[in-house]
Amino acid sequence: MISARYFLPACLGLSWSCSLAAQSPDAVAGNEEVKKIMETRKGRGVMADDTPPTPPQEAVKLFTTRSDVAVDLMAAEPAVEQPLYASWDSQGRMWVTMYRQYQFPAGLKIISYDQHLRAKFDKVPLPPPRGEKGADKITVFEDTDGDGAFDKHTDVITGLNIASAALPGQGRIWVLNPPYLLSYADANQDGLPEGDPVVELSGFGLEDTHAVATNLQWGLDGWLYGANGSTTTGNISSAATKNVRWEGQCIWRYHPKTKLFEIYAEGGGNTFSLDIDSKGRVFSGTNNGKTRGMHYEQGSYGIKGWGKHGPLTNPYAFGWFEHMKHEGDEKRFPQAFTVYEGGLLGSSYEGKIIAPNSLANVVYVSEVIPDGSTFRTKDEENLMGSPDRWFRPVWTGVGPDGGLYMADWYDTRLSHVSPVDDWHKTSGRIYRVRPAAGSPKLKPFDLAKAAPEELLGYLTSPNEWFRKQAALEIAWRGLTELKEPLKKQVEGQGTYALDALWTLDMLGAADDSLVDGLLSAEDPYVRRWAVKIIGEQRRGSEALVRLAKSEKHLEVRAQILASAKRLSAHDALPLLWSAVGDEDASGHLPLLAWWTLESKSEKERDAVFAFLKEDAAFVKSEVFRETLAKKLTQRYAMAGGAENLQSCADLLALGSDSETRAQVIAGLAAAFEGTEMPPLPESLSKALQDYLMKESGGDLTLALRTGSADALKQALKVLGDKDASNAQRISVAKTMAELNKQEAIAPMVAILSSSTTSPSLKRGVLHAAAKFEDKRIAQALLQGYEARIAGDKALREDALRVLAGRKEWAQMLVHFVNEGNVQAKHISVDTARQLSLYKDAEIDAAIDRHWKTLLATGPTEAKEKEMARIKAVLKTGLGDPDKGKLQFMGRCAICHKLFGEGNSIGPELTGYDRTNPDFWLDNIFNPSLEIREGFGNYIVKLKNGQMLTGIMDAQDASGIVLKDIAGNKTSVKQAEIEKLEASPVSMMPEALTTGMSDADLKDFFGYLMKP
């Protein structure tokens, strides 16, 4: 059911042309190089076209919805233009942030773009109103007569410049206008600022204006929360906090009274949406497929796209949380996100995730299901959808009336990966989803002036919005007279005890005895919040120590560990018992325990070892033996220095059983992987030697890292022993190569030259041998190429990549190709591209002779002609998907997954716009025009002369892991890297359809486009 209840000025329908002029390259480019990029870079993804917009009252009729809901059009252009975010004040007025300045800040010039189209500007803009005025504005919409429709709107703040969110509260208007968080005084709460703003925070990045800080939310702990997108950085300072830095995505928070700023949790996808549910749990949306979003624990670390977004702020995180697992539609870009708890739509919606997908023009409903200490999601019937491709819902939230509201960017274009400013800047809509039975109506109200008893009553409203807003108003107004009734509500442990506890906490009236007593409350979420309060207060609690050993609820145990990270080691370490016990299916509890222990490892070293010596039972626990012992040893060893290495010895001495000692040794080995161990303290050296001897000759690769001459002799013997296992020989070869043991070259050459050695052994030894700059290795590969290498495709391609990895070897390779001793067609596109990096005349001549067409990138007339031919073929119908699958597995599955089959070198394809031939043809013929986040190709030049290419599979303070197109992973230490840069060219070879008949094409696309 659809209705059109909205306030629209009489001029509606007369403003389809852009009154806000797009910014030309001349206005934005700071130099000719940038101007050229802006004028020539072709857009990809969902770009603007000549499809006409549908008038608002007609567009709303196009929606298909579930049978039990209806959609109201609440506002539209010209009152709404490019809406990005919305919030409500205590009078129920809706504050809409309009991002009309996007995508270029006014008054700034771009002096360079990086490979990810992130901009570097000529200056830092001044905060409003001193800086250049932009087109962004904040507009307040009101329903003054309570009929359920907006009848008034007011532009309350204008001239903003990249303003991404506005949120009223505490007598101020809080506006995110990166690089600043501003607050405007509004003591009388009429919605109009009283003078110029105060700069509360500075330092939010502007590099990519589609991923700036946004989504302000009031936490029910008195802090102001926000999300930072994936491709901007931060270096944040406030009156009380200085220079908090990060790269890429995070959830952050700021306390308006104490002026403290901190990262609440790090990582995620492109963390655009932020929601804090009625249990106080923190979530965000994402731009990834196969998930509805991210669940964050306080102080946690999450997955990132390492190459583009940089490492985590903690170099010793040694792990991270993944996105929530998901079952259902896997289309990419469910970036908007809210947990519906409005009480209006009915029980079938309560607690469900509502997630609009702008790319797919649909709105999902997903069940939230416990998954250990976190959650997984499962799709139900879609809430709504539209055939109107202009429908681009970018934000969703629940209003005071319990309706589900959405901000519709409304634009034919959605992709940001183009510097062309052709956005339809004068369109935008606000929708509400409500029960089909009728429109909700709320009489005008004002919680800021409501009597204390009235606010207390709202704390039991079925609509979460009223409960939260009432709690906030009680705190903001300092209504301490409500302390006793609030305590009664908490101690009564009814349905809304948690809301009362939040309110007491923000009032500063949650005393220690009350909080400690609530650790035994029946409601686990009351217990959880009591634990959080103790962490915020940074105080010890004997009751909490007892709870750590007895608590069964996994979410409470997760919060105990998260709070422990904020406490002193004396108070925190006994809480690690929360990670002991029933297995957490998500694996989050051991990581949370590690992050707590790591935070104390050096700063409070004495307390750490005092705890481990005193609590022998914990040292014998599974979580310590299997997780913490190894990670703690690795952390100390990586940090280095005499004191830290002595701590490794102390850990080894603590291990009372062989399994724990083995984990300590494993941590030591992990820390020194790729390098020889430094001189060790005598106690550690002796303990290590004793361990190695005790283990029946010991771990040979670890013994090699100690510099043992005997170990080297034994390793050479194993490497040349045909009766030794392939795994053992490869492991020894890898270690000797990492340690640059030249003695290993001859036996490696013998293996590579042998006609009886298995391809799998050759492949393993080959990657180790590549680290040595010795032409005997190249000669072994080339002189017996046809007889010993070429017959196995995987070995052949690995060998050719290795040969292309050093300039001298590459010259030898092209000589053999020119002489016909290596077939030119064996050179894959990634190998040819690697050869082209040397800019060597002899190599370039060979490329021009053999692989010129292979390396052609970008649009060409021939490609356009072939794409048009394939389109014409497909218009005659699709073929047999089963036959097409064979084509896919042979041409694409080495890198891509589709329908759960294939590899993960490139993006999984299942969730993309697969029914659109243009999507497939653009990516097949011009894959470098838009390289998906996380799958960019990197070029690494090592100090030993070797060159590597691949995607960034992992990154931390010690180095990176590159994954090549065959899935081979190579760990590279930071100290080995001479130069690291992102390639503008995709790893994906172009024109994969070469050689396919019309029938093959129809079958191939029949599989790709299968419903």
# chains A, B, ... in the order shown; residues from 1 in each chain; ligands from 1
$ select_by_dssp --residues "stretch 302-487 of chain A" --states "strand (DSSP E or B)" --output "VMD selection string"
chain A and resid 302 321 325 to 327 338 to 339 353 to 357 362 to 371 374 to 379 384 to 385 393 to 398 404 to 408 429 to 435
$ residues_around --residues "A:Gly403" --least-positions-apart "2" --cutoff "7 Å" --atoms "only C-alpha atoms" --output "number ranges by chain"
A: 342, 344, 398-399, 401, 405, 432-434
$ residues_around --residues "A:Glu247" --least-positions-apart "2" --cutoff "9 Å" --atoms "only C-alpha atoms" --output "list in words"
Ser230, Thr231, Thr232, Thr233, Gly234, Arg245, Gln249, Cys250, His309, Gly310, Pro311, Leu312 and Thr313 of chain A
$ atom_distance --atom1 "atom CA of A:Pro574" --atom2 "atom CA of A:Trp252"
27.6 Å
$ residues_around --residues "A:Ser755" --least-positions-apart "3" --cutoff "10 Å" --atoms "only C-alpha atoms" --output "list of chain:residue names"
A:Ala750, A:Ile751, A:Leu752, A:Ser758, A:Pro759, A:Gly784, A:Ala787, A:Arg788, A:Ile789
$ residues_around --residues "A:Leu182" --least-positions-apart "6" --cutoff "8 Å" --atoms "only C-alpha atoms" --output "mmCIF file with C-alpha atoms, in the first residue's frame"
data_model
loop_
_atom_site.group_PDB
_atom_site.id
_atom_site.type_symbol
_atom_site.label_atom_id
_atom_site.label_comp_id
_atom_site.auth_asym_id
_atom_site.auth_seq_id
_atom_site.Cartn_x
_atom_site.Cartn_y
_atom_site.Cartn_z
ATOM 1 C CA TRP A 174 26.148 19.185 17.039
ATOM 2 C CA VAL A 175 27.293 19.253 13.414
ATOM 3 C CA LEU A 176 29.906 17.098 11.740
ATOM 4 C CA PRO A 197 29.819 27.434 16.543
ATOM 5 C CA VAL A 198 32.475 26.092 18.896
ATOM 6 C CA VAL A 199 35.048 23.713 17.418
ATOM 7 C CA GLU A 200 34.774 20.638 19.626
ATOM 8 C CA LEU A 201 37.000 18.334 17.545
#
$ select_by_dssp --residues "stretch 508-668 of chain A" --states "alpha helix (DSSP H)" --output "PyMOL selection string"
chain A and resi 512-518+524-537+542-550+554-564+569-572+588-600+605-614+616-619+622-623+629-639+642-654+658-668
$ write_last_selection --atoms "C-alpha atoms" --output "compact mmCIF listing (two decimals), in the first residue's frame"
# COMPACT_ATOMS: atom_id res chain seq x y z
CA ASP A 512 29.37 1.70 43.42
CA SER A 513 27.19 -0.37 45.73
CA LEU A 514 24.23 -0.22 43.35
CA VAL A 515 26.34 -1.14 40.34
CA ASP A 516 28.14 -3.98 42.10
CA GLY A 517 24.79 -5.30 43.28
CA LEU A 518 23.49 -5.30 39.72
CA PRO A 524 21.91 -10.21 31.48
CA TYR A 525 21.82 -6.81 29.79
CA VAL A 526 21.54 -5.07 33.14
CA ARG A 527 24.56 -7.11 34.24
CA ARG A 528 26.33 -6.19 31.03
CA TRP A 529 25.71 -2.47 31.49
CA ALA A 530 26.82 -2.62 35.12
CA VAL A 531 30.07 -4.15 33.88
CA LYS A 532 30.40 -1.35 31.32
CA ILE A 533 29.91 1.28 34.02
CA ILE A 534 32.72 -0.22 36.08
CA GLY A 535 34.98 -0.08 33.04
CA GLU A 536 34.06 3.56 32.38
CA GLN A 537 34.77 4.39 36.03
CA GLU A 542 35.66 -7.84 43.76
CA ALA A 543 32.11 -8.61 42.67
CA LEU A 544 33.20 -8.28 39.07
CA VAL A 545 36.13 -10.66 39.65
CA ARG A 546 33.68 -13.23 41.00
CA LEU A 547 31.34 -12.68 38.05
CA ALA A 548 34.20 -13.27 35.60
CA LYS A 549 34.42 -16.87 36.80
CA SER A 550 30.70 -17.56 37.03
CA LEU A 554 28.46 -14.71 26.31
CA GLU A 555 27.63 -11.04 25.69
CA VAL A 556 28.19 -10.24 29.36
CA ARG A 557 31.49 -12.10 29.27
CA ALA A 558 32.50 -10.10 26.20
CA GLN A 559 31.78 -6.85 28.03
CA ILE A 560 33.76 -8.03 31.07
CA LEU A 561 36.79 -8.47 28.83
CA ALA A 562 36.16 -5.17 27.03
CA SER A 563 35.89 -3.33 30.35
CA ALA A 564 38.99 -5.08 31.66
CA ALA A 569 46.40 -4.68 35.37
CA HIS A 570 45.76 -5.51 39.03
CA ASP A 571 42.01 -5.13 38.50
CA ALA A 572 41.88 -6.31 34.88
CA HIS A 588 35.62 -13.18 19.91
CA LEU A 589 36.25 -13.94 23.60
CA PRO A 590 39.85 -15.15 23.17
CA LEU A 591 40.62 -12.08 21.06
CA LEU A 592 39.08 -9.74 23.62
CA ALA A 593 41.12 -11.47 26.32
CA TRP A 594 44.26 -11.02 24.24
CA TRP A 595 43.62 -7.32 23.63
CA THR A 596 43.22 -6.80 27.37
CA LEU A 597 46.40 -8.71 28.18
CA GLU A 598 48.32 -6.98 25.39
CA SER A 599 47.37 -3.55 26.71
CA LYS A 600 49.16 -4.37 29.98
CA ARG A 605 54.79 -5.99 32.97
CA ASP A 606 55.40 -6.78 36.65
CA ALA A 607 51.68 -7.07 37.31
CA VAL A 608 51.26 -9.38 34.31
CA PHE A 609 53.86 -11.84 35.56
CA ALA A 610 52.68 -11.58 39.14
CA PHE A 611 49.20 -12.62 37.98
CA LEU A 612 50.49 -15.50 35.85
CA LYS A 613 52.66 -16.82 38.69
CA GLU A 614 49.91 -16.53 41.27
CA ALA A 616 48.44 -21.34 38.06
CA ALA A 617 44.94 -22.51 37.17
CA PHE A 618 44.56 -19.76 34.58
CA VAL A 619 47.95 -20.59 33.07
CA GLU A 622 42.76 -23.71 27.39
CA VAL A 623 42.56 -20.05 26.44
CA ALA A 629 50.80 -17.82 25.58
CA LYS A 630 51.76 -17.69 21.90
CA LYS A 631 50.47 -14.17 21.28
CA LEU A 632 52.12 -12.74 24.40
CA THR A 633 55.48 -14.29 23.50
CA GLN A 634 55.19 -13.05 19.93
CA ARG A 635 54.32 -9.57 21.16
CA TYR A 636 57.34 -9.34 23.48
CA ALA A 637 59.68 -10.79 20.87
CA MET A 638 58.46 -8.43 18.13
CA ALA A 639 58.86 -5.42 20.42
CA ALA A 642 66.60 -7.10 26.46
CA GLU A 643 63.67 -6.65 28.83
CA ASN A 644 61.10 -7.99 26.38
CA LEU A 645 63.25 -10.96 25.40
CA GLN A 646 63.71 -11.73 29.09
CA SER A 647 59.91 -11.73 29.36
CA CYS A 648 59.87 -14.42 26.66
CA ALA A 649 62.23 -16.48 28.82
CA ASP A 650 60.00 -15.92 31.82
CA LEU A 651 56.98 -17.13 29.84
CA LEU A 652 58.82 -20.25 28.78
CA ALA A 653 59.73 -20.92 32.40
CA LEU A 654 56.08 -20.49 33.40
CA SER A 658 54.84 -29.32 27.04
CA GLU A 659 51.82 -27.88 25.20
CA THR A 660 52.16 -24.45 26.80
CA ARG A 661 55.92 -24.41 26.25
CA ALA A 662 55.36 -25.38 22.63
CA GLN A 663 53.01 -22.41 22.22
CA VAL A 664 55.61 -20.07 23.72
CA ILE A 665 58.19 -21.38 21.27
CA ALA A 666 55.66 -20.99 18.44
CA GLY A 667 55.19 -17.36 19.44
CA LEU A 668 58.93 -16.85 19.40
$ closest_residue --among "A:Ala21, A:Val802, A:Leu576, A:Val765" --to "A:Ala832" --atoms "only C-alpha atoms"
A:Val802
$ residues_around --residues "stretch 377-393 of chain A" --least-positions-apart "5" --cutoff "8 Å" --atoms "only C-alpha atoms" --output "number ranges by chain"
A: 53-54, 59, 62-66, 291-292, 324-329, 336, 356-359, 361-369, 406-414
$ residues_around --residues "stretch 730-732 of chain A" --least-positions-apart "3" --cutoff "12 Å" --atoms "only C-alpha atoms" --output "ChimeraX atom specification"
/A:673-674,699-705,711-721,724-727,735-739,741,744,747-748,751,760-769
$ write_last_selection --atoms "N, CA and C atoms" --output "tab-separated table (two decimals), in the first residue's frame"
chain	number	residue	atom	x	y	z
A	673	GLU	N	59.89	-14.89	12.22
A	673	GLU	CA	59.72	-15.47	10.90
A	673	GLU	C	60.31	-14.54	9.86
A	674	GLY	N	61.17	-15.10	9.02
A	674	GLY	CA	61.78	-14.29	7.98
A	674	GLY	C	63.10	-13.67	8.37
A	699	ASP	N	62.71	-28.56	16.54
A	699	ASP	CA	62.15	-27.93	15.35
A	699	ASP	C	63.31	-27.39	14.54
A	700	LEU	N	63.61	-28.01	13.42
A	700	LEU	CA	64.80	-27.66	12.65
A	700	LEU	C	64.74	-26.21	12.16
A	701	THR	N	63.57	-25.78	11.71
A	701	THR	CA	63.49	-24.41	11.20
A	701	THR	C	63.71	-23.39	12.32
A	702	LEU	N	63.23	-23.70	13.53
A	702	LEU	CA	63.47	-22.80	14.65
A	702	LEU	C	64.94	-22.81	15.04
A	703	ALA	N	65.55	-24.01	15.03
A	703	ALA	CA	66.97	-24.12	15.35
A	703	ALA	C	67.81	-23.32	14.36
A	704	LEU	N	67.40	-23.31	13.09
A	704	LEU	CA	68.11	-22.51	12.09
A	704	LEU	C	68.11	-21.03	12.47
A	705	ARG	N	66.99	-20.56	12.99
A	705	ARG	CA	66.88	-19.14	13.33
A	705	ARG	C	67.76	-18.76	14.51
A	711	ALA	N	72.50	-27.00	13.12
A	711	ALA	CA	71.18	-26.96	12.49
A	711	ALA	C	71.31	-26.72	10.99
A	712	LEU	N	72.27	-25.88	10.59
A	712	LEU	CA	72.46	-25.62	9.16
A	712	LEU	C	72.90	-26.88	8.43
A	713	LYS	N	73.81	-27.63	9.02
A	713	LYS	CA	74.25	-28.88	8.42
A	713	LYS	C	73.08	-29.85	8.26
A	714	GLN	N	72.29	-29.98	9.31
A	714	GLN	CA	71.15	-30.88	9.27
A	714	GLN	C	70.13	-30.42	8.22
A	715	ALA	N	69.93	-29.11	8.13
A	715	ALA	CA	68.97	-28.57	7.16
A	715	ALA	C	69.40	-28.86	5.73
A	716	LEU	N	70.70	-28.70	5.44
A	716	LEU	CA	71.20	-29.00	4.11
A	716	LEU	C	71.03	-30.48	3.78
A	717	LYS	N	71.22	-31.31	4.77
A	717	LYS	CA	71.04	-32.75	4.57
A	717	LYS	C	69.59	-33.06	4.23
A	718	VAL	N	68.64	-32.45	4.98
A	718	VAL	CA	67.22	-32.67	4.73
A	718	VAL	C	66.84	-32.16	3.34
A	719	LEU	N	67.33	-31.00	2.98
A	719	LEU	CA	66.97	-30.40	1.69
A	719	LEU	C	67.37	-31.31	0.53
A	720	GLY	N	68.49	-32.00	0.67
A	720	GLY	CA	68.95	-32.87	-0.40
A	720	GLY	C	68.50	-34.31	-0.27
A	721	ASP	N	67.72	-34.61	0.76
A	721	ASP	CA	67.29	-35.98	1.04
A	721	ASP	C	66.00	-36.30	0.29
A	724	ALA	N	63.12	-37.54	2.47
A	724	ALA	CA	62.42	-36.62	3.40
A	724	ALA	C	61.11	-36.18	2.75
A	725	SER	N	60.15	-35.80	3.57
A	725	SER	CA	58.85	-35.38	3.04
A	725	SER	C	58.98	-34.05	2.31
A	726	ASN	N	58.11	-33.86	1.31
A	726	ASN	CA	58.09	-32.57	0.60
A	726	ASN	C	57.87	-31.41	1.55
A	727	ALA	N	56.94	-31.58	2.50
A	727	ALA	CA	56.63	-30.50	3.43
A	727	ALA	C	57.86	-30.10	4.23
A	735	THR	N	62.96	-21.41	5.18
A	735	THR	CA	63.66	-20.79	6.30
A	735	THR	C	65.07	-20.38	5.90
A	736	MET	N	65.79	-21.24	5.18
A	736	MET	CA	67.14	-20.89	4.77
A	736	MET	C	67.15	-19.70	3.81
A	737	ALA	N	66.13	-19.61	2.97
A	737	ALA	CA	66.05	-18.46	2.07
A	737	ALA	C	65.79	-17.18	2.86
A	738	GLU	N	64.90	-17.25	3.83
A	738	GLU	CA	64.62	-16.08	4.66
A	738	GLU	C	65.86	-15.62	5.40
A	739	LEU	N	66.72	-16.57	5.78
A	739	LEU	CA	67.94	-16.25	6.53
A	739	LEU	C	69.12	-15.98	5.60
A	741	LYS	N	70.78	-17.95	3.60
A	741	LYS	CA	71.84	-18.95	3.69
A	741	LYS	C	72.22	-19.38	2.26
A	744	ALA	N	72.22	-22.92	0.61
A	744	ALA	CA	71.01	-23.61	0.16
A	744	ALA	C	70.82	-23.54	-1.35
A	747	PRO	N	71.60	-27.06	-3.50
A	747	PRO	CA	70.57	-28.10	-3.44
A	747	PRO	C	69.23	-27.66	-4.01
A	748	MET	N	68.89	-26.36	-3.92
A	748	MET	CA	67.65	-25.88	-4.54
A	748	MET	C	67.73	-25.99	-6.05
A	751	ILE	N	67.16	-29.51	-7.13
A	751	ILE	CA	65.74	-29.88	-7.11
A	751	ILE	C	65.03	-29.33	-8.35
A	760	SER	N	54.96	-30.31	-7.16
A	760	SER	CA	54.60	-29.66	-5.90
A	760	SER	C	55.84	-29.28	-5.10
A	761	LEU	N	56.86	-30.15	-5.09
A	761	LEU	CA	58.10	-29.82	-4.39
A	761	LEU	C	58.81	-28.67	-5.10
A	762	LYS	N	58.85	-28.74	-6.43
A	762	LYS	CA	59.49	-27.66	-7.18
A	762	LYS	C	58.82	-26.32	-6.91
A	763	ARG	N	57.49	-26.31	-6.87
A	763	ARG	CA	56.78	-25.04	-6.62
A	763	ARG	C	57.15	-24.48	-5.26
A	764	GLY	N	57.17	-25.35	-4.23
A	764	GLY	CA	57.50	-24.89	-2.89
A	764	GLY	C	58.91	-24.36	-2.80
A	765	VAL	N	59.87	-25.09	-3.40
A	765	VAL	CA	61.27	-24.66	-3.36
A	765	VAL	C	61.48	-23.42	-4.23
A	766	LEU	N	60.74	-23.35	-5.33
A	766	LEU	CA	60.87	-22.22	-6.25
A	766	LEU	C	60.63	-20.89	-5.55
A	767	HIS	N	59.57	-20.80	-4.74
A	767	HIS	CA	59.26	-19.53	-4.08
A	767	HIS	C	60.32	-19.17	-3.04
A	768	ALA	N	60.95	-20.17	-2.45
A	768	ALA	CA	62.06	-19.89	-1.54
A	768	ALA	C	63.29	-19.44	-2.32
A	769	ALA	N	63.59	-20.13	-3.43
A	769	ALA	CA	64.76	-19.81	-4.24
A	769	ALA	C	64.69	-18.40	-4.81
$ closest_residue --among "A:Trp809, A:Ser278, A:Leu84, A:Ala355" --to "A:Pro462" --atoms "only C-alpha atoms"
A:Ser278
$ closest_residue --among "A:Phe1004, A:Tyr184, A:Phe204, A:Phe466" --to "A:Gly879" --atoms "only C-alpha atoms"
A:Phe1004
$ closest_residue --among "A:Trp851, A:Trp306, A:Tyr785, A:Phe272" --to "A:Gly820" --atoms "only C-alpha atoms"
A:Tyr785
$ atom_distance --atom1 "atom CA of A:Asp1000" --atom2 "atom CA of A:Ala868"
16.4 Å
$ atom_distance --atom1 "atom CA of A:Arg849" --atom2 "atom CA of A:Asn818"
9.0 Å
$ closest_residue --among "A:Asp792, A:Asp615, A:Asp72, A:Asp446" --to "A:Phe150" --atoms "only C-alpha atoms"
A:Asp72
